[in-house]
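**Q** Here's a structure for you.
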Amino acid sequence: MSEQPTNRPDKSSGSRGSGPQMRMPRPVFGWVLFIGLALILATFLSQSWSGRARPIGINEFWTYARNDDIDKLVIRGDTILGELKPGAQGREQGQSNSFEVKYPPAAIDQNFINQISRLCPSAQIKFDQPNTLLVQILWPLLPFLLLVVLIWFFIFRQLRNAGAGPGMLGNFGRSRHRVSSKEHTNVTFADVAGIDEAKEEVQEIIEFLRNPKRFQKLGGRIPRGILLVGDPGCGKTLLAKAIAGEAEVPFFSISGSDFVEMFVGVGASRVRDLFKQAKENSPCIIFLDEIDAVGRRRGANFSGGGHDEREQTLNAILVEMDGFETSDQVIVIAATNRVDVLDPALIRPGRFDRQVFVALPDIKGRLEILKVHAKKIKLGPDVDLHRVARGTPMFSGADLAAIINESALLATMANKDYVEMSDLEEARDKVRWGRARKSRVVDERDKLVTAFHEAGHAVVQALLPDADPLHKVSIIPRGPMGGATFSLPERDRLVHSRKYLLAMLKVTFGGRIAEETFCGDISSGAAMDIRQATEIARKMVTEWGMNEKVGFVFYGEDDGRPRLWDLGGGREYSDKTAELIDAEVKSLLDRSYQETRELIEAHRDKLEAIAQALLKYETLTGEEIDRLLKGQKLDRPTVSDLLDAAPVPPRSLPRAEPARGREGGLNLGPGPLPQPG
């Protein structure tokens, strides 16, 4: 897409074809002049301060005179300014050669001059007229006054006249948006996948921009502002560009942070300039990305005052959106992932009166997104994009695009002709959990503990019918984890049943119980499991009404909005209720822990076989886990066997970072557990 800032000078002026110009541009010349004068002032001040005469007494003055150490004297009223000869006696190391002494004017007569001339025959004596009181006051302040005048001339005067003509800061108050013309807006709805409901909701905006008279005939008013709400990477910006591409209108885009500067009033000036240019180029679309940077709720900050630059910018946006006429064909689209912090005046009817929720794609949407991005790469015959979509719940469109790109890079580095399914799976794991650190040195004891830990997760997940299907298990360090157990959900879950949540609790306990049973000790690797299990159990008791004693009552946290009157985040129930909640959460966890222990004890031999297979192969698929649970053996070669059969030339590898402990554990999904709707 061709995007150019609107505040660039017009290249079609009369200077075209006149040859190269050696003249320095006016803004650059202004800055050079300003910096040069500032350096001159700094030099003057440093010299005046460093060379200032030091005051001395009359006795010290006559001591210098008797030693013939005086080189020059300037007599100015009751002040005698003098300069000592180099190497004068009595002067301390590092002291200035210049001195100043206060002397009674009546004592400075011809006898005084004769006496000085006799003691210091080589001294130069000069009389000077004393400065007036006004000069004595203004002379020390002259550099500072000159500096203030320069600042006023080069900054404040230019800011006051911003937009009136070219200058050093003539464009400072102009908007920094980018414009994509309808000829260069090549993004359409065909490039946007996985958010069909959002595309349907903005379809009438496209029809209005294409044929506004159709809506004006019946007196209807199209929404002036559309607020796109969704998690990062869900396609809000892409959807806004697609609206402009489908309607074939100019696209003005700017980020909310581009309005705010250090000078007061600049943000409001840029808002007015943006809307002015948009009205001149209507029909068009204004896209304000990250609107929460300037649209936050007024009065919710802790600065002690409410009239800051952001609020002035927000007020300017509110005024401009109220100033739209019925004939103005300008649509304002904003995007945010924090709609809860926006000012209510910004999202009231008449401004951003329509909110379009851009949700994370479901399995169908993920498949469509993968197909869109996979058009640009070569896929092998074994690639199953539907399986990739199943294995990426809670992934955004940006994450899926990164998976396709990473798989292409992996295939390229392996000198393959096309992307294989293994490349896509490795890319998915890399995007979500980080790069596999195969070169990391792991102690044999830690490797054994990790193998039994992950085998415990795998056995419990494979045996419980209410848990998600098992995808694979690995003890290769990846990111902060020493190992991981990956699930492959058959469908996206909008709500979670009690049986499913209890199964998830048991799966999280499998790793710790396996460590305790087979290794004779426990490790810190279950930290993530304990955190996840506690979170699930507490929500079952306090938010989802799945406990008989606590009942169908909500005791969860608030919505998290900032409130000046509730800085402590206190709970809204008594200490007795809190004790009951804690007791029920612990009881639920203890029961699940004991049931998981009994399940593992009943399948000790199968868990040990899976752990030994992990030590041998490092990674096992879900199908291989099923074979081991049925008592079958695996006959595939290990990694070392493949390396011995087909040696590769040595190459330099990145230096492995030292191990800092492992944080193995089950990953229950790429994101936090969704709350039931």
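Going by the structure tokens order, chains are called A, B, ..., each with residues numbered from 1, while ligands are numbered from 1 in the order shown.
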Where in region 365-574 of chain A does DSSP assign strand (DSSP E or B), given as number ranges by chain?
**A** A: 379, 419, 436, 470-474, 478, 481, 484-487
**Q** Show me, as a PyMOL selection string, the residues that have an atom within 10 Å of region 245-250 of chain A when counting only C-alpha atoms, minus same-chain residues fewer than 2 positions from it.
**A** chain A and resi 179-190+203+205-211+239-243+252-253+278+281-286+330
**Q** Residues at most 10 Å from Asp382 (chain A), counting only C-alpha atoms, excluding those fewer than 2 positions away in the same chain, as a PyMOL selection string?
**A** chain A and resi 379-380+384-385+419-422
**Q** Given the selection you just returned, output its residues as a file containing N, CA and C atoms, formatted as a short mmCIF file (atom, residue, chain, number, x, y, z; two decimals), in the first residue's frame.
**A**
data_model
loop_
_atom_site.label_atom_id
_atom_site.label_comp_id
_atom_site.auth_asym_id
_atom_site.auth_seq_id
_atom_site.Cartn_x
_atom_site.Cartn_y
_atom_site.Cartn_z
N LEU A 379 2.77 -25.67 -0.15
CA LEU A 379 2.44 -26.65 0.88
C LEU A 379 2.65 -28.06 0.35
N GLY A 380 3.13 -28.94 1.22
CA GLY A 380 3.35 -30.33 0.86
C GLY A 380 2.06 -31.12 0.87
N ASP A 384 -2.17 -30.63 6.68
CA ASP A 384 -3.58 -30.64 7.05
C ASP A 384 -3.86 -29.36 7.84
N LEU A 385 -4.35 -28.33 7.15
CA LEU A 385 -4.61 -27.06 7.81
C LEU A 385 -5.72 -27.16 8.84
N VAL A 419 6.60 -26.71 2.23
CA VAL A 419 6.37 -26.75 3.68
C VAL A 419 5.64 -28.03 4.03
N GLU A 420 6.17 -28.76 4.98
CA GLU A 420 5.55 -30.00 5.42
C GLU A 420 4.77 -29.79 6.72
N MET A 421 4.01 -30.80 7.09
CA MET A 421 3.20 -30.71 8.30
C MET A 421 4.07 -30.55 9.54
N SER A 422 5.22 -31.19 9.55
CA SER A 422 6.13 -31.06 10.69
C SER A 422 6.61 -29.62 10.86
#
**Q** Just want the 7 Å neighbourhood of Asp292 (chain A), counted on only C-alpha atoms, with same-chain residues fewer than 2 positions away dropped. Output as number ranges by chain.
**A** A: 290, 294-296, 336, 338, 342
**Q** Could you pull out the residues in region 244-433 of chain A that DSSP calls helix (DSSP H, G or I) from the backbone, as a JSON list (two decimals) with N, CA and C atoms, in the first residue's frame?
**A**
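Printed below is out.json as written:
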[["chain", "number", "residue", "atom", "x", "y", "z"],
["A", 244, "ALA", "N", -12.31, 0.70, 3.78],
["A", 244, "ALA", "CA", -11.92, 1.75, 2.83],
["A", 244, "ALA", "C", -11.68, 1.17, 1.45],
["A", 245, "GLY", "N", -11.10, -0.03, 1.38],
["A", 245, "GLY", "CA", -10.85, -0.64, 0.08],
["A", 245, "GLY", "C", -12.12, -1.04, -0.63],
["A", 246, "GLU", "N", -13.09, -1.55, 0.11],
["A", 246, "GLU", "CA", -14.37, -1.93, -0.50],
["A", 246, "GLU", "C", -15.16, -0.70, -0.95],
["A", 247, "ALA", "N", -15.10, 0.37, -0.15],
["A", 247, "ALA", "CA", -15.84, 1.58, -0.51],
["A", 247, "ALA", "C", -15.10, 2.45, -1.51],
["A", 256, "GLY", "N", -3.34, 7.01, 18.26],
["A", 256, "GLY", "CA", -3.72, 7.94, 19.32],
["A", 256, "GLY", "C", -2.53, 8.61, 19.98],
["A", 257, "SER", "N", -1.40, 7.92, 20.04],
["A", 257, "SER", "CA", -0.22, 8.52, 20.67],
["A", 257, "SER", "C", 0.39, 9.62, 19.82],
["A", 258, "ASP", "N", 0.06, 9.71, 18.53],
["A", 258, "ASP", "CA", 0.62, 10.75, 17.67],
["A", 258, "ASP", "C", 0.03, 12.12, 17.96],
["A", 259, "PHE", "N", -1.06, 12.18, 18.71],
["A", 259, "PHE", "CA", -1.66, 13.48, 19.03],
["A", 259, "PHE", "C", -0.95, 14.17, 20.19],
["A", 266, "VAL", "N", -0.96, 21.15, 21.21],
["A", 266, "VAL", "CA", -0.56, 20.58, 19.92],
["A", 266, "VAL", "C", -1.51, 19.46, 19.53],
["A", 267, "GLY", "N", -1.90, 18.60, 20.50],
["A", 267, "GLY", "CA", -2.80, 17.50, 20.18],
["A", 267, "GLY", "C", -4.14, 17.98, 19.65],
["A", 268, "ALA", "N", -4.71, 18.99, 20.29],
["A", 268, "ALA", "CA", -5.98, 19.54, 19.82],
["A", 268, "ALA", "C", -5.84, 20.16, 18.44],
["A", 269, "SER", "N", -4.71, 20.83, 18.19],
["A", 269, "SER", "CA", -4.47, 21.41, 16.87],
["A", 269, "SER", "C", -4.39, 20.34, 15.79],
["A", 270, "ARG", "N", -3.75, 19.23, 16.11],
["A", 270, "ARG", "CA", -3.65, 18.14, 15.14],
["A", 270, "ARG", "C", -5.00, 17.49, 14.88],
["A", 271, "VAL", "N", -5.82, 17.40, 15.91],
["A", 271, "VAL", "CA", -7.17, 16.85, 15.71],
["A", 271, "VAL", "C", -7.96, 17.73, 14.75],
["A", 272, "ARG", "N", -7.92, 19.04, 14.96],
["A", 272, "ARG", "CA", -8.66, 19.95, 14.08],
["A", 272, "ARG", "C", -8.14, 19.88, 12.65],
["A", 273, "ASP", "N", -6.82, 19.79, 12.50],
["A", 273, "ASP", "CA", -6.24, 19.71, 11.16],
["A", 273, "ASP", "C", -6.63, 18.41, 10.47],
["A", 274, "LEU", "N", -6.65, 17.30, 11.23],
["A", 274, "LEU", "CA", -7.03, 16.01, 10.65],
["A", 274, "LEU", "C", -8.46, 16.03, 10.14],
["A", 275, "PHE", "N", -9.39, 16.51, 10.94],
["A", 275, "PHE", "CA", -10.79, 16.53, 10.53],
["A", 275, "PHE", "C", -11.02, 17.54, 9.41],
["A", 276, "LYS", "N", -10.26, 18.63, 9.41],
["A", 276, "LYS", "CA", -10.39, 19.60, 8.33],
["A", 276, "LYS", "C", -10.00, 18.99, 6.99],
["A", 277, "GLN", "N", -8.86, 18.28, 6.96],
["A", 277, "GLN", "CA", -8.42, 17.66, 5.72],
["A", 277, "GLN", "C", -9.34, 16.52, 5.31],
["A", 278, "ALA", "N", -9.89, 15.80, 6.29],
["A", 278, "ALA", "CA", -10.82, 14.72, 5.96],
["A", 278, "ALA", "C", -12.09, 15.25, 5.31],
["A", 279, "LYS", "N", -12.62, 16.36, 5.82],
["A", 279, "LYS", "CA", -13.82, 16.95, 5.22],
["A", 279, "LYS", "C", -13.55, 17.46, 3.82],
["A", 280, "GLU", "N", -12.33, 17.96, 3.59],
["A", 280, "GLU", "CA", -11.99, 18.43, 2.25],
["A", 280, "GLU", "C", -11.85, 17.28, 1.25],
["A", 291, "ILE", "N", -7.13, 4.21, 20.32],
["A", 291, "ILE", "CA", -7.82, 5.42, 20.76],
["A", 291, "ILE", "C", -7.73, 5.61, 22.27],
["A", 292, "ASP", "N", -7.46, 4.54, 23.02],
["A", 292, "ASP", "CA", -7.38, 4.66, 24.47],
["A", 292, "ASP", "C", -6.18, 5.49, 24.92],
["A", 293, "ALA", "N", -5.23, 5.77, 24.01],
["A", 293, "ALA", "CA", -4.09, 6.62, 24.37],
["A", 293, "ALA", "C", -4.52, 8.04, 24.67],
["A", 309, "GLU", "N", -2.85, 17.54, 28.72],
["A", 309, "GLU", "CA", -2.84, 17.56, 27.26],
["A", 309, "GLU", "C", -3.76, 16.51, 26.66],
["A", 310, "ARG", "N", -3.84, 15.33, 27.28],
["A", 310, "ARG", "CA", -4.70, 14.28, 26.76],
["A", 310, "ARG", "C", -6.18, 14.68, 26.81],
["A", 311, "GLU", "N", -6.56, 15.34, 27.88],
["A", 311, "GLU", "CA", -7.95, 15.75, 27.99],
["A", 311, "GLU", "C", -8.28, 16.84, 26.98],
["A", 312, "GLN", "N", -7.36, 17.74, 26.71],
["A", 312, "GLN", "CA", -7.59, 18.74, 25.67],
["A", 312, "GLN", "C", -7.76, 18.07, 24.30],
["A", 313, "THR", "N", -6.93, 17.06, 24.04],
["A", 313, "THR", "CA", -7.06, 16.34, 22.77],
["A", 313, "THR", "C", -8.39, 15.61, 22.70],
["A", 314, "LEU", "N", -8.79, 14.97, 23.79],
["A", 314, "LEU", "CA", -10.08, 14.27, 23.82],
["A", 314, "LEU", "C", -11.23, 15.25, 23.61],
["A", 315, "ASN", "N", -11.17, 16.40, 24.25],
["A", 315, "ASN", "CA", -12.22, 17.40, 24.06],
["A", 315, "ASN", "C", -12.30, 17.85, 22.61],
["A", 316, "ALA", "N", -11.14, 17.99, 21.96],
["A", 316, "ALA", "CA", -11.14, 18.39, 20.55],
["A", 316, "ALA", "C", -11.78, 17.31, 19.68],
["A", 317, "ILE", "N", -11.52, 16.03, 19.98],
["A", 317, "ILE", "CA", -12.15, 14.94, 19.22],
["A", 317, "ILE", "C", -13.66, 14.97, 19.40],
["A", 318, "LEU", "N", -14.11, 15.18, 20.64],
["A", 318, "LEU", "CA", -15.55, 15.22, 20.90],
["A", 318, "LEU", "C", -16.21, 16.37, 20.16],
["A", 319, "VAL", "N", -15.57, 17.53, 20.15],
["A", 319, "VAL", "CA", -16.14, 18.69, 19.47],
["A", 319, "VAL", "C", -16.19, 18.46, 17.96],
["A", 320, "GLU", "N", -15.12, 17.90, 17.39],
["A", 320, "GLU", "CA", -15.10, 17.68, 15.95],
["A", 320, "GLU", "C", -16.15, 16.65, 15.53],
["A", 321, "MET", "N", -16.36, 15.62, 16.32],
["A", 321, "MET", "CA", -17.37, 14.62, 15.95],
["A", 321, "MET", "C", -18.78, 15.17, 16.11],
["A", 322, "ASP", "N", -18.96, 16.14, 17.00],
["A", 322, "ASP", "CA", -20.26, 16.80, 17.10],
["A", 322, "ASP", "C", -20.48, 17.78, 15.96],
["A", 339, "VAL", "N", -11.77, -1.08, 26.00],
["A", 339, "VAL", "CA", -12.96, -0.25, 25.93],
["A", 339, "VAL", "C", -13.44, 0.15, 27.31],
["A", 340, "ASP", "N", -13.05, -0.58, 28.35],
["A", 340, "ASP", "CA", -13.51, -0.29, 29.70],
["A", 340, "ASP", "C", -12.91, 0.99, 30.26],
["A", 341, "VAL", "N", -11.79, 1.48, 29.68],
["A", 341, "VAL", "CA", -11.15, 2.69, 30.21],
["A", 341, "VAL", "C", -11.53, 3.94, 29.42],
["A", 363, "ILE", "N", -12.63, -22.29, 15.29],
["A", 363, "ILE", "CA", -11.89, -23.24, 14.47],
["A", 363, "ILE", "C", -12.14, -23.02, 12.98],
["A", 364, "LYS", "N", -13.38, -22.63, 12.63],
["A", 364, "LYS", "CA", -13.67, -22.34, 11.23],
["A", 364, "LYS", "C", -12.93, -21.07, 10.77],
["A", 365, "GLY", "N", -12.95, -20.05, 11.61],
["A", 365, "GLY", "CA", -12.24, -18.83, 11.26],
["A", 365, "GLY", "C", -10.74, -19.03, 11.17],
["A", 366, "ARG", "N", -10.20, -19.83, 12.09],
["A", 366, "ARG", "CA", -8.75, -20.09, 12.03],
["A", 366, "ARG", "C", -8.38, -20.81, 10.74],
["A", 367, "LEU", "N", -9.22, -21.74, 10.31],
["A", 367, "LEU", "CA", -8.95, -22.45, 9.06],
["A", 367, "LEU", "C", -8.98, -21.48, 7.87],
["A", 368, "GLU", "N", -9.93, -20.56, 7.86],
["A", 368, "GLU", "CA", -10.00, -19.58, 6.77],
["A", 368, "GLU", "C", -8.78, -18.66, 6.78],
["A", 369, "ILE", "N", -8.36, -18.24, 7.97],
["A", 369, "ILE", "CA", -7.18, -17.37, 8.06],
["A", 369, "ILE", "C", -5.94, -18.11, 7.58],
["A", 370, "LEU", "N", -5.80, -19.36, 7.97],
["A", 370, "LEU", "CA", -4.64, -20.14, 7.52],
["A", 370, "LEU", "C", -4.64, -20.29, 6.00],
["A", 371, "LYS", "N", -5.82, -20.49, 5.42],
["A", 371, "LYS", "CA", -5.89, -20.62, 3.96],
["A", 371, "LYS", "C", -5.50, -19.32, 3.26],
["A", 372, "VAL", "N", -5.91, -18.19, 3.83],
["A", 372, "VAL", "CA", -5.56, -16.90, 3.21],
["A", 372, "VAL", "C", -4.05, -16.70, 3.20],
["A", 373, "HIS", "N", -3.40, -16.96, 4.31],
["A", 373, "HIS", "CA", -1.95, -16.75, 4.39],
["A", 373, "HIS", "C", -1.17, -17.85, 3.69],
["A", 374, "ALA", "N", -1.76, -19.04, 3.58],
["A", 374, "ALA", "CA", -1.05, -20.15, 2.94],
["A", 374, "ALA", "C", -1.03, -20.04, 1.42],
["A", 385, "LEU", "N", -4.35, -28.33, 7.15],
["A", 385, "LEU", "CA", -4.61, -27.06, 7.81],
["A", 385, "LEU", "C", -5.72, -27.16, 8.84],
["A", 386, "HIS", "N", -6.64, -28.09, 8.65],
["A", 386, "HIS", "CA", -7.71, -28.27, 9.63],
["A", 386, "HIS", "C", -7.14, -28.77, 10.95],
["A", 387, "ARG", "N", -6.15, -29.63, 10.89],
["A", 387, "ARG", "CA", -5.51, -30.11, 12.12],
["A", 387, "ARG", "C", -4.74, -28.98, 12.80],
["A", 388, "VAL", "N", -4.11, -28.13, 12.00],
["A", 388, "VAL", "CA", -3.42, -26.97, 12.57],
["A", 388, "VAL", "C", -4.42, -26.04, 13.25],
["A", 389, "ALA", "N", -5.58, -25.84, 12.62],
["A", 389, "ALA", "CA", -6.61, -24.99, 13.21],
["A", 389, "ALA", "C", -7.13, -25.57, 14.52],
["A", 390, "ARG", "N", -7.25, -26.89, 14.59],
["A", 390, "ARG", "CA", -7.68, -27.54, 15.84],
["A", 390, "ARG", "C", -6.67, -27.33, 16.95],
["A", 397, "GLY", "N", -5.45, -13.81, 14.69],
["A", 397, "GLY", "CA", -5.08, -13.83, 13.28],
["A", 397, "GLY", "C", -3.61, -13.53, 13.07],
["A", 398, "ALA", "N", -3.05, -12.64, 13.88],
["A", 398, "ALA", "CA", -1.62, -12.34, 13.77],
["A", 398, "ALA", "C", -0.78, -13.55, 14.15],
["A", 399, "ASP", "N", -1.21, -14.31, 15.16],
["A", 399, "ASP", "CA", -0.48, -15.52, 15.54],
["A", 399, "ASP", "C", -0.50, -16.55, 14.41],
["A", 400, "LEU", "N", -1.65, -16.71, 13.76],
["A", 400, "LEU", "CA", -1.76, -17.68, 12.67],
["A", 400, "LEU", "C", -0.91, -17.26, 11.48],
["A", 401, "ALA", "N", -0.87, -15.96, 11.19],
["A", 401, "ALA", "CA", 0.00, -15.49, 10.11],
["A", 401, "ALA", "C", 1.46, -15.74, 10.44],
["A", 402, "ALA", "N", 1.82, -15.58, 11.72],
["A", 402, "ALA", "CA", 3.20, -15.86, 12.12],
["A", 402, "ALA", "C", 3.53, -17.34, 11.99],
["A", 403, "ILE", "N", 2.56, -18.21, 12.25],
["A", 403, "ILE", "CA", 2.80, -19.65, 12.09],
["A", 403, "ILE", "C", 3.12, -19.99, 10.65],
["A", 404, "ILE", "N", 2.34, -19.46, 9.71],
["A", 404, "ILE", "CA", 2.60, -19.74, 8.30],
["A", 404, "ILE", "C", 3.97, -19.21, 7.89],
["A", 405, "ASN", "N", 4.30, -18.02, 8.33],
["A", 405, "ASN", "CA", 5.59, -17.45, 7.95],
["A", 405, "ASN", "C", 6.75, -18.22, 8.58],
["A", 406, "GLU", "N", 6.61, -18.60, 9.85],
["A", 406, "GLU", "CA", 7.68, -19.36, 10.51],
["A", 406, "GLU", "C", 7.86, -20.72, 9.86],
["A", 407, "SER", "N", 6.77, -21.36, 9.45],
["A", 407, "SER", "CA", 6.90, -22.66, 8.79],
["A", 407, "SER", "C", 7.65, -22.54, 7.48],
["A", 408, "ALA", "N", 7.40, -21.46, 6.74],
["A", 408, "ALA", "CA", 8.13, -21.25, 5.48],
["A", 408, "ALA", "C", 9.61, -21.02, 5.75],
["A", 409, "LEU", "N", 9.93, -20.30, 6.82],
["A", 409, "LEU", "CA", 11.34, -20.07, 7.16],
["A", 409, "LEU", "C", 12.02, -21.37, 7.58],
["A", 410, "LEU", "N", 11.31, -22.19, 8.36],
["A", 410, "LEU", "CA", 11.90, -23.47, 8.78],
["A", 410, "LEU", "C", 12.15, -24.38, 7.59],
["A", 411, "ALA", "N", 11.19, -24.44, 6.65],
["A", 411, "ALA", "CA", 11.38, -25.27, 5.46],
["A", 411, "ALA", "C", 12.52, -24.76, 4.60],
["A", 412, "THR", "N", 12.66, -23.45, 4.53],
["A", 412, "THR", "CA", 13.76, -22.87, 3.74],
["A", 412, "THR", "C", 15.12, -23.22, 4.35],
["A", 413, "MET", "N", 15.23, -23.11, 5.67],
["A", 413, "MET", "CA", 16.49, -23.43, 6.33],
["A", 413, "MET", "C", 16.83, -24.90, 6.22],
["A", 421, "MET", "N", 4.01, -30.80, 7.09],
["A", 421, "MET", "CA", 3.20, -30.71, 8.30],
["A", 421, "MET", "C", 4.07, -30.55, 9.54],
["A", 422, "SER", "N", 5.22, -31.19, 9.55],
["A", 422, "SER", "CA", 6.13, -31.06, 10.69],
["A", 422, "SER", "C", 6.61, -29.62, 10.86],
["A", 423, "ASP", "N", 6.79, -28.92, 9.75],
["A", 423, "ASP", "CA", 7.20, -27.51, 9.82],
["A", 423, "ASP", "C", 6.11, -26.66, 10.44],
["A", 424, "LEU", "N", 4.86, -26.93, 10.08],
["A", 424, "LEU", "CA", 3.75, -26.17, 10.65],
["A", 424, "LEU", "C", 3.60, -26.43, 12.15],
["A", 425, "GLU", "N", 3.76, -27.67, 12.57],
["A", 425, "GLU", "CA", 3.64, -27.98, 13.99],
["A", 425, "GLU", "C", 4.78, -27.35, 14.79],
["A", 426, "GLU", "N", 5.99, -27.40, 14.24],
["A", 426, "GLU", "CA", 7.11, -26.76, 14.92],
["A", 426, "GLU", "C", 6.93, -25.25, 14.98],
["A", 427, "ALA", "N", 6.41, -24.67, 13.90],
["A", 427, "ALA", "CA", 6.16, -23.23, 13.89],
["A", 427, "ALA", "C", 5.09, -22.84, 14.90],
["A", 428, "ARG", "N", 4.05, -23.67, 15.03],
["A", 428, "ARG", "CA", 3.01, -23.38, 16.03],
["A", 428, "ARG", "C", 3.58, -23.40, 17.44],
["A", 429, "ASP", "N", 4.38, -24.41, 17.75],
["A", 429, "ASP", "CA", 4.98, -24.49, 19.08],
["A", 429, "ASP", "C", 5.95, -23.33, 19.32],
["A", 430, "LYS", "N", 6.66, -22.92, 18.27],
["A", 430, "LYS", "CA", 7.62, -21.83, 18.41],
["A", 430, "LYS", "C", 6.91, -20.51, 18.66],
["A", 431, "VAL", "N", 5.80, -20.27, 17.95],
["A", 431, "VAL", "CA", 5.07, -19.02, 18.12],
["A", 431, "VAL", "C", 4.46, -18.94, 19.51],
["A", 432, "ARG", "N", 3.93, -20.05, 20.00],
["A", 432, "ARG", "CA", 3.23, -20.01, 21.29],
["A", 432, "ARG", "C", 4.17, -20.15, 22.49],
["A", 433, "TRP", "N", 5.12, -21.07, 22.42],
["A", 433, "TRP", "CA", 5.94, -21.36, 23.60],
["A", 433, "TRP", "C", 7.42, -21.03, 23.43]]
**Q** Please compute the CA of Arg118 (chain A)-CA of Asn59 (chain A) distance, one decimal, in Å.
**A**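 Pair CA of Arg118 (chain A) / CA of Asn59 (chain A) returns 17.5 Å.
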**Q** Could you tell me how far CA of Pro465 (chain A) sits from CA of Ala503 (chain A), in Å to one decimal place?
**A**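 These atoms are spaced 8.4 Å apart.
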**Q** Any idea what the distance is between CA of Ile331 (chain A) and CA of Glu204 (chain A)?
**A**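 A separation of 11.7 Å between them.
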**Q** From the list A:Arg591, A:Arg478, A:Lys576, A:Lys236, which residue is nearest Ser396 (chain A) when using only C-alpha atoms?
**A**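 Answer, going by the shortest atom-to-atom distance: A:Lys236.
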**Q** Check the smallest atom-to-atom distance from each of A:Lys630, A:Asp362, A:Trp544, A:Leu228 to Arg493 (chain A) using only C-alpha atoms, then report the winner.
**A**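 Result for the nearest residue to Arg493 (chain A): A:Asp362.
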**Q** Which residues come within 9 Å of Asn97 (chain A), counting only C-alpha atoms, excluding same-chain residues fewer than 3 positions away, as a short mmCIF file (atom, residue, chain, number, x, y, z; two decimals) with N, CA and C atoms, in the first residue's frame?
**A**
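Contents of selection_9.cif, as written:
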data_model
loop_
_atom_site.label_atom_id
_atom_site.label_comp_id
_atom_site.auth_asym_id
_atom_site.auth_seq_id
_atom_site.Cartn_x
_atom_site.Cartn_y
_atom_site.Cartn_z
N GLY A 51 36.22 33.13 34.44
CA GLY A 51 37.20 34.21 34.54
C GLY A 51 36.77 35.32 35.46
N ALA A 53 36.64 37.85 38.47
CA ALA A 53 37.69 38.30 39.41
C ALA A 53 37.33 37.89 40.82
N ARG A 54 38.33 37.42 41.56
CA ARG A 54 38.11 37.02 42.94
C ARG A 54 38.32 38.23 43.86
N GLY A 82 42.29 44.22 38.98
CA GLY A 82 43.68 43.99 38.65
C GLY A 82 43.92 42.60 38.12
N GLU A 83 45.11 42.43 37.53
CA GLU A 83 45.52 41.14 36.99
C GLU A 83 46.96 40.89 37.44
N LEU A 84 47.22 39.73 37.99
CA LEU A 84 48.53 39.38 38.50
C LEU A 84 49.42 38.84 37.38
N LYS A 85 50.72 38.96 37.64
CA LYS A 85 51.67 38.38 36.70
C LYS A 85 51.67 36.85 36.85
N PRO A 86 52.05 36.14 35.80
CA PRO A 86 52.18 34.68 35.93
C PRO A 86 53.20 34.32 36.99
N ALA A 88 52.77 34.65 40.31
CA ALA A 88 52.76 35.60 41.42
C ALA A 88 52.84 34.86 42.75
N ARG A 91 49.63 33.48 45.60
CA ARG A 91 48.40 33.00 44.95
C ARG A 91 48.35 31.48 45.03
#
**Q** Looking at only C-alpha atoms, which of A:Ala335, A:Glu515, A:Cys120, A:His457 is the one that sits closest to Ser255 (chain A)?
**A**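 Going through A:Ala335, A:Glu515, A:Cys120, A:His457 one by one, the smallest distance to Ser255 (chain A) is for A:Ala335.
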